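One structure is given below, encoded as structure tokens.
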Amino acid sequence: MINYGRQNIDQGDIDAVVDVLNSDYLTQGSKIDEFEKNFSKYVGSEYATAVSSATAALHIACLALDLKPGDTVWTSPNSFVASSNCAIYCGANVDFVDISKDDFNLCLNTLEKKLIKAKDKGMLPKIIIPVHFAGLSCDMSSLHKLSLKYNFKIIEDASHATGGDYNKKKIGSCEFSDITVFSFHPVKIITTGEGGMLSTNNKALDRSLKLLRTHGITREKSDFIDSANTHNAWYYEQIYLGFNYRITDIQAALGLSQLYRIEKFLEQRRLIASKYQKDLKNLPISFQSQSMNAQSSWHLFVIKLDDDYSYLRDDLYLFLRNKKIFCQIHYIPIPFHPYYRKLGFDPHKYQNTMLYFKACLSLPIYPDLKLEQVDEIIQLIKLFFNEQK
Ligand SMILES: *Cc1c(COP(=O)(O)O)cnc(C)c1O
């Protein structure tokens with residue numbers, strides 16, 4: 001059986017996890033700190049905070065940027081629901097910006113038009129969450145310029161994009177954003193089972209994120225509001241309403257061990273992607289257009305069937321599935337989901353996203369996928385299209 005994605009676990013990962021199991025602390029020990037330090041060094045940010053999932057990360061990123069009821073967040077409709085659910089958790093409003101036909105990321109031209117209209121109505125978003133779809137960075141420098149003009153904050157949803165780069169810097173360096181969020185779900189670039197990370201260069205934001213991750217509780221003397229007990233070593237204070245969004249040391253040890261191999265993982269993904277690009281190019285399909293300024297982490301390899309062929313997408317999916325190759329659709333547009341329609345969203349307002357959704361298919365791509373297996377998948381896809389003639 002071949003899935004569209006899967007983790008790579010080696011003996012080093014297993015040993016790292018077992019070491020924690022044999023140690024004094026399964027959670028709130030030293031591994032989390034070590035994971036955060038190595039991760040921020042890897043992406044080139046000042047600070048990093050590890051949490052229980054990217055969903056949790058998105059939630060506290062919104063809270064740290066002071067998102068409140070009445071405020072608005074804009075994101076891409078071509079994403080996992082967590083990219084917009086985070087705003088709703090905060091009681092804020094959500095809206096979507098249609099994607100570009102070429103790179104399947106939030107379209108900056110469409111965004112600018114929407115910003116101009118929103119400014120006229122006095123309804124500008126407080127936060128925009130660009131999603132680096134499939135691991136390909138959005139045009140962050142242009143987005144950053146818009147953020148200065150229209151006064152919004154930026155949270156990068158880099159759940160797909162650990163290890164990808166933009167303008168020769170790793171995604172997560174936060175050169176053009178306030179906070180970047182990563183996911184360590186097993187299908188993503190590195191895994192902790194479940195887990196996520198936030199990177200930022202802003203000290204005050206980092207402090208808020210670390211407080212929000214653990215109930216809003218502080219043990220720092222300098223943070224204490226009530227001075228009467230501060231001399232007691234057992235003393236702590238809850239100063240905000242936070243959550244238990246902590247990651248465990250068991251997971252952090254796995255993440256650390258995975259991080260040592262990330263460049264190998266990325267290299268393998270690049271090899272697979274370039275093979276697909278080369279060997280599938282004469283079929284009636286197109287690929288996500290790549291940018292000169294960005295190197296994708298290739299979390300996903302998506303093919304998009306040409307308009308005249310898109311009606312065959314589900315047949316191709318089934319054809320491969322019957323051969324035990326489990327592709328996936330990324331994504332069912334967020335406003336297409338019944339929950340969002342009930343909120344009043346009309347998915348057909350996002351034309352490029354809907355056309356893309358009907359024609360897209362994510363092919364298997366992960367470090368352990370052998371080039372011979374990639375070749376088998378390629379031959380099957382060619383056979384499928386030949387049979388249509
Ligand atoms: C996977 C994913 C998330 C959520 O990640 P979890 O770690 O599973 O919470 C959020 N956004 C995008 C774009 C994702 O792909």
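A note on labels: chains of the structure tokens are A, B, ... as shown, every chain counts residues from 1, and ligands are counted from 1 in their shown order.
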Given 8 Å and only C-alpha atoms and all ligand atoms, residues near ligand 1 as a ChimeraX atom specification: /A:52-58,79-83,131-133,157-160,182-185,188,194-196
Within 9 Å of stretch 249-264 of chain A using only C-alpha atoms, minus same-chain residues under 4 positions, as an NGL selection string: :A and (8-10 or 12-14 or 16-21 or 25-36 or 38-39 or 42 or 50 or 162-163 or 184 or 189-195 or 268-269 or 367)
From A:Tyr240, A:Trp74, A:Phe319, A:Phe224, residue lying nearest A:Lys114 [only C-alpha atoms]: A:Trp74
Residue nearest A:Phe96 - candidates A:Ala294, A:Leu209, A:Leu115, A:Leu369, atoms counted: only C-alpha atoms: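 Counting only C-alpha atoms, the residue closest to A:Phe96 is A:Leu115.
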All strand (DSSP E or B) residues (DSSP, backbone) inside stretch 269-318 of chain A, as a ChimeraX atom specification: /A:285-287,294-295,301-305
Residues from the last selection, C-alpha atoms, saved as a PDB file, in the first residue's frame:
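Below is the file result.pdb, written as the result:
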```pdb
ATOM      1  CA  ILE A 285      -2.036  17.850 -16.678  1.00  0.00           C
ATOM      2  CA  SER A 286      -0.154  20.750 -15.129  1.00  0.00           C
ATOM      3  CA  PHE A 287       1.914  21.232 -11.982  1.00  0.00           C
ATOM      4  CA  ALA A 294      11.569  29.924  -3.396  1.00  0.00           C
ATOM      5  CA  GLN A 295      12.543  26.313  -2.890  1.00  0.00           C
ATOM      6  CA  PHE A 301       3.151  16.778  -5.246  1.00  0.00           C
ATOM      7  CA  VAL A 302      -0.069  17.915  -6.920  1.00  0.00           C
ATOM      8  CA  ILE A 303      -1.152  17.318 -10.486  1.00  0.00           C
ATOM      9  CA  LYS A 304      -3.995  19.358 -11.944  1.00  0.00           C
ATOM     10  CA  LEU A 305      -5.895  17.806 -14.845  1.00  0.00           C
TER      11      LEU A 305
END
```
If you count only C-alpha atoms, which residues fall within 12 Å of A:Asn3, apart from same-chain ones fewer than 6 positions away, as a compact mmCIF listing (two decimals) with all heavy atoms, in the first residue's frame?
```txt
# COMPACT_ATOMS: atom_id res chain seq x y z
N PRO A 186 2.39 13.25 11.23
CA PRO A 186 3.24 12.27 10.51
C PRO A 186 3.34 12.43 9.00
O PRO A 186 4.34 12.00 8.41
CB PRO A 186 2.59 10.92 10.87
CG PRO A 186 1.96 11.17 12.20
CD PRO A 186 1.48 12.59 12.18
N VAL A 187 2.36 13.03 8.34
CA VAL A 187 2.50 13.20 6.88
C VAL A 187 3.36 14.42 6.53
O VAL A 187 3.73 14.58 5.37
CB VAL A 187 1.14 13.32 6.14
CG1 VAL A 187 0.34 12.07 6.29
CG2 VAL A 187 0.37 14.55 6.59
N LEU A 300 3.71 18.17 -0.67
CA LEU A 300 2.76 17.53 -1.59
C LEU A 300 3.30 17.63 -3.00
O LEU A 300 3.99 18.59 -3.35
CB LEU A 300 1.40 18.25 -1.55
CG LEU A 300 0.67 18.32 -0.22
CD1 LEU A 300 -0.58 19.20 -0.35
CD2 LEU A 300 0.28 16.92 0.25
N LEU A 320 -6.07 4.44 -9.45
CA LEU A 320 -4.86 4.28 -8.64
C LEU A 320 -5.17 3.58 -7.32
O LEU A 320 -4.41 2.73 -6.85
CB LEU A 320 -4.19 5.63 -8.40
CG LEU A 320 -3.60 6.28 -9.66
CD1 LEU A 320 -3.20 7.73 -9.40
CD2 LEU A 320 -2.39 5.49 -10.19
N ARG A 321 -6.30 3.92 -6.75
CA ARG A 321 -6.70 3.31 -5.48
C ARG A 321 -6.87 1.79 -5.63
O ARG A 321 -6.50 1.02 -4.74
CB ARG A 321 -8.00 3.96 -4.99
CG ARG A 321 -8.33 3.64 -3.56
CD ARG A 321 -9.65 4.27 -3.15
NE ARG A 321 -10.06 3.69 -1.88
CZ ARG A 321 -9.78 4.23 -0.70
NH1 ARG A 321 -9.14 5.35 -0.61
NH2 ARG A 321 -10.15 3.62 0.42
N LYS A 323 -5.22 -0.02 -7.43
CA LYS A 323 -3.86 -0.58 -7.49
C LYS A 323 -3.12 -0.34 -6.17
O LYS A 323 -1.90 -0.39 -6.12
CB LYS A 323 -3.08 0.07 -8.64
CG LYS A 323 -3.75 0.00 -10.00
CD LYS A 323 -3.40 -1.28 -10.71
CE LYS A 323 -3.72 -1.28 -12.19
NZ LYS A 323 -5.15 -1.38 -12.52
N LYS A 324 -3.88 0.01 -5.11
CA LYS A 324 -3.35 0.23 -3.75
C LYS A 324 -2.46 1.47 -3.65
O LYS A 324 -1.54 1.54 -2.83
CB LYS A 324 -2.57 -1.00 -3.24
CG LYS A 324 -3.39 -2.27 -3.14
CD LYS A 324 -3.72 -2.57 -1.68
CE LYS A 324 -4.47 -3.87 -1.47
NZ LYS A 324 -5.75 -3.93 -2.22
N ILE A 325 -2.73 2.43 -4.51
CA ILE A 325 -2.04 3.73 -4.43
C ILE A 325 -3.05 4.77 -3.99
O ILE A 325 -3.98 5.08 -4.74
CB ILE A 325 -1.38 4.08 -5.77
CG1 ILE A 325 -0.31 3.03 -6.07
CG2 ILE A 325 -0.79 5.48 -5.76
CD1 ILE A 325 0.09 2.97 -7.51
N PHE A 326 -2.86 5.25 -2.75
CA PHE A 326 -3.87 6.10 -2.13
C PHE A 326 -3.48 7.57 -2.25
O PHE A 326 -2.73 8.09 -1.44
CB PHE A 326 -4.07 5.71 -0.67
CG PHE A 326 -4.67 4.34 -0.52
CD1 PHE A 326 -3.87 3.19 -0.50
CD2 PHE A 326 -6.05 4.18 -0.43
CE1 PHE A 326 -4.43 1.93 -0.39
CE2 PHE A 326 -6.62 2.92 -0.31
CZ PHE A 326 -5.80 1.79 -0.30
N CYS A 327 -3.98 8.19 -3.31
CA CYS A 327 -3.76 9.63 -3.50
C CYS A 327 -4.73 10.38 -2.60
O CYS A 327 -5.51 9.77 -1.87
CB CYS A 327 -3.97 10.00 -4.95
SG CYS A 327 -2.77 9.21 -6.05
N GLN A 328 -4.68 11.70 -2.64
CA GLN A 328 -5.59 12.50 -1.81
C GLN A 328 -5.92 13.79 -2.55
O GLN A 328 -5.22 14.15 -3.51
CB GLN A 328 -4.94 12.75 -0.43
CG GLN A 328 -5.82 13.45 0.59
CD GLN A 328 -7.16 12.78 0.84
OE1 GLN A 328 -8.08 12.92 0.03
NE2 GLN A 328 -7.30 12.06 1.94
N SER A 362 -3.23 14.77 -5.34
CA SER A 362 -1.90 14.73 -4.73
C SER A 362 -1.33 13.33 -4.86
O SER A 362 -1.89 12.37 -4.32
CB SER A 362 -1.98 15.11 -3.25
OG SER A 362 -2.54 16.39 -3.09
N LEU A 363 -0.22 13.22 -5.57
CA LEU A 363 0.44 11.93 -5.77
C LEU A 363 1.33 11.61 -4.57
O LEU A 363 1.77 12.51 -3.86
CB LEU A 363 1.29 11.96 -7.05
CG LEU A 363 0.58 12.35 -8.34
CD1 LEU A 363 1.56 12.28 -9.52
CD2 LEU A 363 -0.62 11.44 -8.60
N PRO A 364 1.64 10.33 -4.36
CA PRO A 364 2.49 9.97 -3.22
C PRO A 364 3.86 10.65 -3.30
O PRO A 364 4.47 10.71 -4.36
CB PRO A 364 2.64 8.45 -3.36
CG PRO A 364 1.40 8.02 -4.08
CD PRO A 364 1.12 9.13 -5.05
N ILE A 365 4.29 11.19 -2.17
CA ILE A 365 5.65 11.74 -2.07
C ILE A 365 6.07 11.71 -0.61
O ILE A 365 5.38 12.25 0.25
CB ILE A 365 5.74 13.17 -2.68
CG1 ILE A 365 7.19 13.67 -2.69
CG2 ILE A 365 4.83 14.17 -1.98
CD1 ILE A 365 7.42 14.90 -3.56
N TYR A 366 7.13 10.99 -0.31
CA TYR A 366 7.69 10.93 1.05
C TYR A 366 9.06 10.27 0.96
O TYR A 366 9.34 9.55 -0.01
CB TYR A 366 6.75 10.19 2.01
CG TYR A 366 6.24 8.84 1.57
CD1 TYR A 366 6.97 7.68 1.83
CD2 TYR A 366 5.02 8.71 0.89
CE1 TYR A 366 6.50 6.43 1.44
CE2 TYR A 366 4.55 7.47 0.49
CZ TYR A 366 5.30 6.33 0.78
OH TYR A 366 4.83 5.10 0.37
N ASP A 368 10.68 7.76 2.10
CA ASP A 368 10.89 6.32 1.92
C ASP A 368 10.34 5.79 0.59
O ASP A 368 10.52 4.61 0.29
CB ASP A 368 10.22 5.53 3.05
CG ASP A 368 11.06 5.57 4.32
OD1 ASP A 368 12.24 5.96 4.23
OD2 ASP A 368 10.53 5.22 5.38
N LEU A 369 9.67 6.63 -0.17
CA LEU A 369 9.12 6.17 -1.46
C LEU A 369 10.28 5.99 -2.44
O LEU A 369 11.04 6.92 -2.70
CB LEU A 369 8.12 7.21 -1.98
CG LEU A 369 7.29 6.82 -3.20
CD1 LEU A 369 6.33 5.69 -2.87
CD2 LEU A 369 6.50 8.03 -3.72
N GLN A 373 9.16 2.82 -7.24
CA GLN A 373 7.72 2.95 -6.95
C GLN A 373 7.14 4.19 -7.64
O GLN A 373 6.03 4.15 -8.16
CB GLN A 373 7.49 3.05 -5.43
CG GLN A 373 7.85 1.78 -4.69
CD GLN A 373 7.72 1.96 -3.19
OE1 GLN A 373 8.41 2.80 -2.60
NE2 GLN A 373 6.85 1.19 -2.56
N VAL A 374 7.94 5.27 -7.65
CA VAL A 374 7.50 6.48 -8.34
C VAL A 374 7.29 6.14 -9.81
O VAL A 374 6.29 6.56 -10.43
CB VAL A 374 8.54 7.62 -8.18
CG1 VAL A 374 8.12 8.86 -8.95
CG2 VAL A 374 8.75 7.94 -6.71
N ILE A 377 4.06 4.34 -10.40
CA ILE A 377 2.92 5.28 -10.34
C ILE A 377 2.83 6.05 -11.65
O ILE A 377 1.74 6.20 -12.23
CB ILE A 377 3.07 6.24 -9.13
CG1 ILE A 377 3.03 5.45 -7.82
CG2 ILE A 377 1.98 7.32 -9.15
CD1 ILE A 377 3.54 6.21 -6.60
```
Report the closest atom pair, with its distance in Å rounded to one decimal, for each residue of stretch 124-231 of chain A that has an atom no farther than 12 Å from stretch 98-104 of chain A; count only C-alpha atoms, sort by chain and then rising residue number, and write it as a Markdown table.
```
| residue | atom | partner | partner_atom | distance |
| --- | --- | --- | --- | --- |
| A:Pro130 | CA | A:Ile99 | CA | 10.5 |
| A:Val131 | CA | A:Phe104 | CA | 9.8 |
| A:His132 | CA | A:Phe104 | CA | 9.3 |
| A:Phe133 | CA | A:Phe104 | CA | 6.9 |
| A:Ala134 | CA | A:Phe104 | CA | 9.0 |
| A:Gly135 | CA | A:Asp103 | CA | 10.9 |
| A:Leu136 | CA | A:Asp103 | CA | 8.2 |
| A:Ser137 | CA | A:Asp103 | CA | 9.6 |
| A:Cys138 | CA | A:Asp103 | CA | 8.7 |
| A:Asp139 | CA | A:Asp103 | CA | 10.5 |
```
Keeping C-alpha atoms for every residue in the selection just given, could you write it to a file as an mmCIF file, in the first residue's frame?
```cif
data_model
loop_
_atom_site.group_PDB
_atom_site.id
_atom_site.type_symbol
_atom_site.label_atom_id
_atom_site.label_comp_id
_atom_site.auth_asym_id
_atom_site.auth_seq_id
_atom_site.Cartn_x
_atom_site.Cartn_y
_atom_site.Cartn_z
ATOM 1 C CA PRO A 130 -0.835 32.964 4.056
ATOM 2 C CA VAL A 131 -0.505 29.185 3.619
ATOM 3 C CA HIS A 132 2.654 27.970 1.885
ATOM 4 C CA PHE A 133 0.764 25.386 -0.114
ATOM 5 C CA ALA A 134 2.541 22.064 -0.723
ATOM 6 C CA GLY A 135 5.672 23.666 0.772
ATOM 7 C CA LEU A 136 6.017 26.547 -1.706
ATOM 8 C CA SER A 137 6.372 29.944 -0.056
ATOM 9 C CA CYS A 138 3.970 32.735 -0.917
ATOM 10 C CA ASP A 139 5.515 35.962 -2.200
#
```
At a cut-off of 12 Å, using only C-alpha atoms, what residues contact A:His215? Leave out same-chain residues fewer than 4 positions from it and give the result as a PDB file with C-alpha atoms, in the first residue's frame.
```
ATOM      1  CA  ILE A  60      -2.273  31.011  20.303  1.00  0.00           C
ATOM      2  CA  SER A 208       2.899  35.593  25.220  1.00  0.00           C
ATOM      3  CA  LEU A 209       3.062  32.357  23.217  1.00  0.00           C
ATOM      4  CA  LYS A 210       4.914  30.551  26.012  1.00  0.00           C
ATOM      5  CA  LEU A 211       2.377  31.760  28.583  1.00  0.00           C
ATOM      6  CA  ARG A 219       7.034  31.230  37.282  1.00  0.00           C
ATOM      7  CA  TYR A 236       3.447  30.735  40.487  1.00  0.00           C
ATOM      8  CA  GLU A 237       0.755  32.975  39.073  1.00  0.00           C
ATOM      9  CA  GLN A 238      -1.837  32.692  36.361  1.00  0.00           C
ATOM     10  CA  ILE A 239      -1.823  36.079  34.673  1.00  0.00           C
ATOM     11  CA  TYR A 240      -3.735  35.311  31.441  1.00  0.00           C
ATOM     12  CA  LEU A 241      -6.265  32.713  30.321  1.00  0.00           C
ATOM     13  CA  GLY A 242      -4.133  30.108  28.538  1.00  0.00           C
ATOM     14  CA  PHE A 243      -4.418  26.444  27.602  1.00  0.00           C
ATOM     15  CA  ASN A 244      -2.595  23.178  27.997  1.00  0.00           C
ATOM     16  CA  TYR A 245      -1.074  23.127  24.522  1.00  0.00           C
ATOM     17  CA  ARG A 246       2.237  21.657  25.680  1.00  0.00           C
TER      18      ARG A 246
END
```
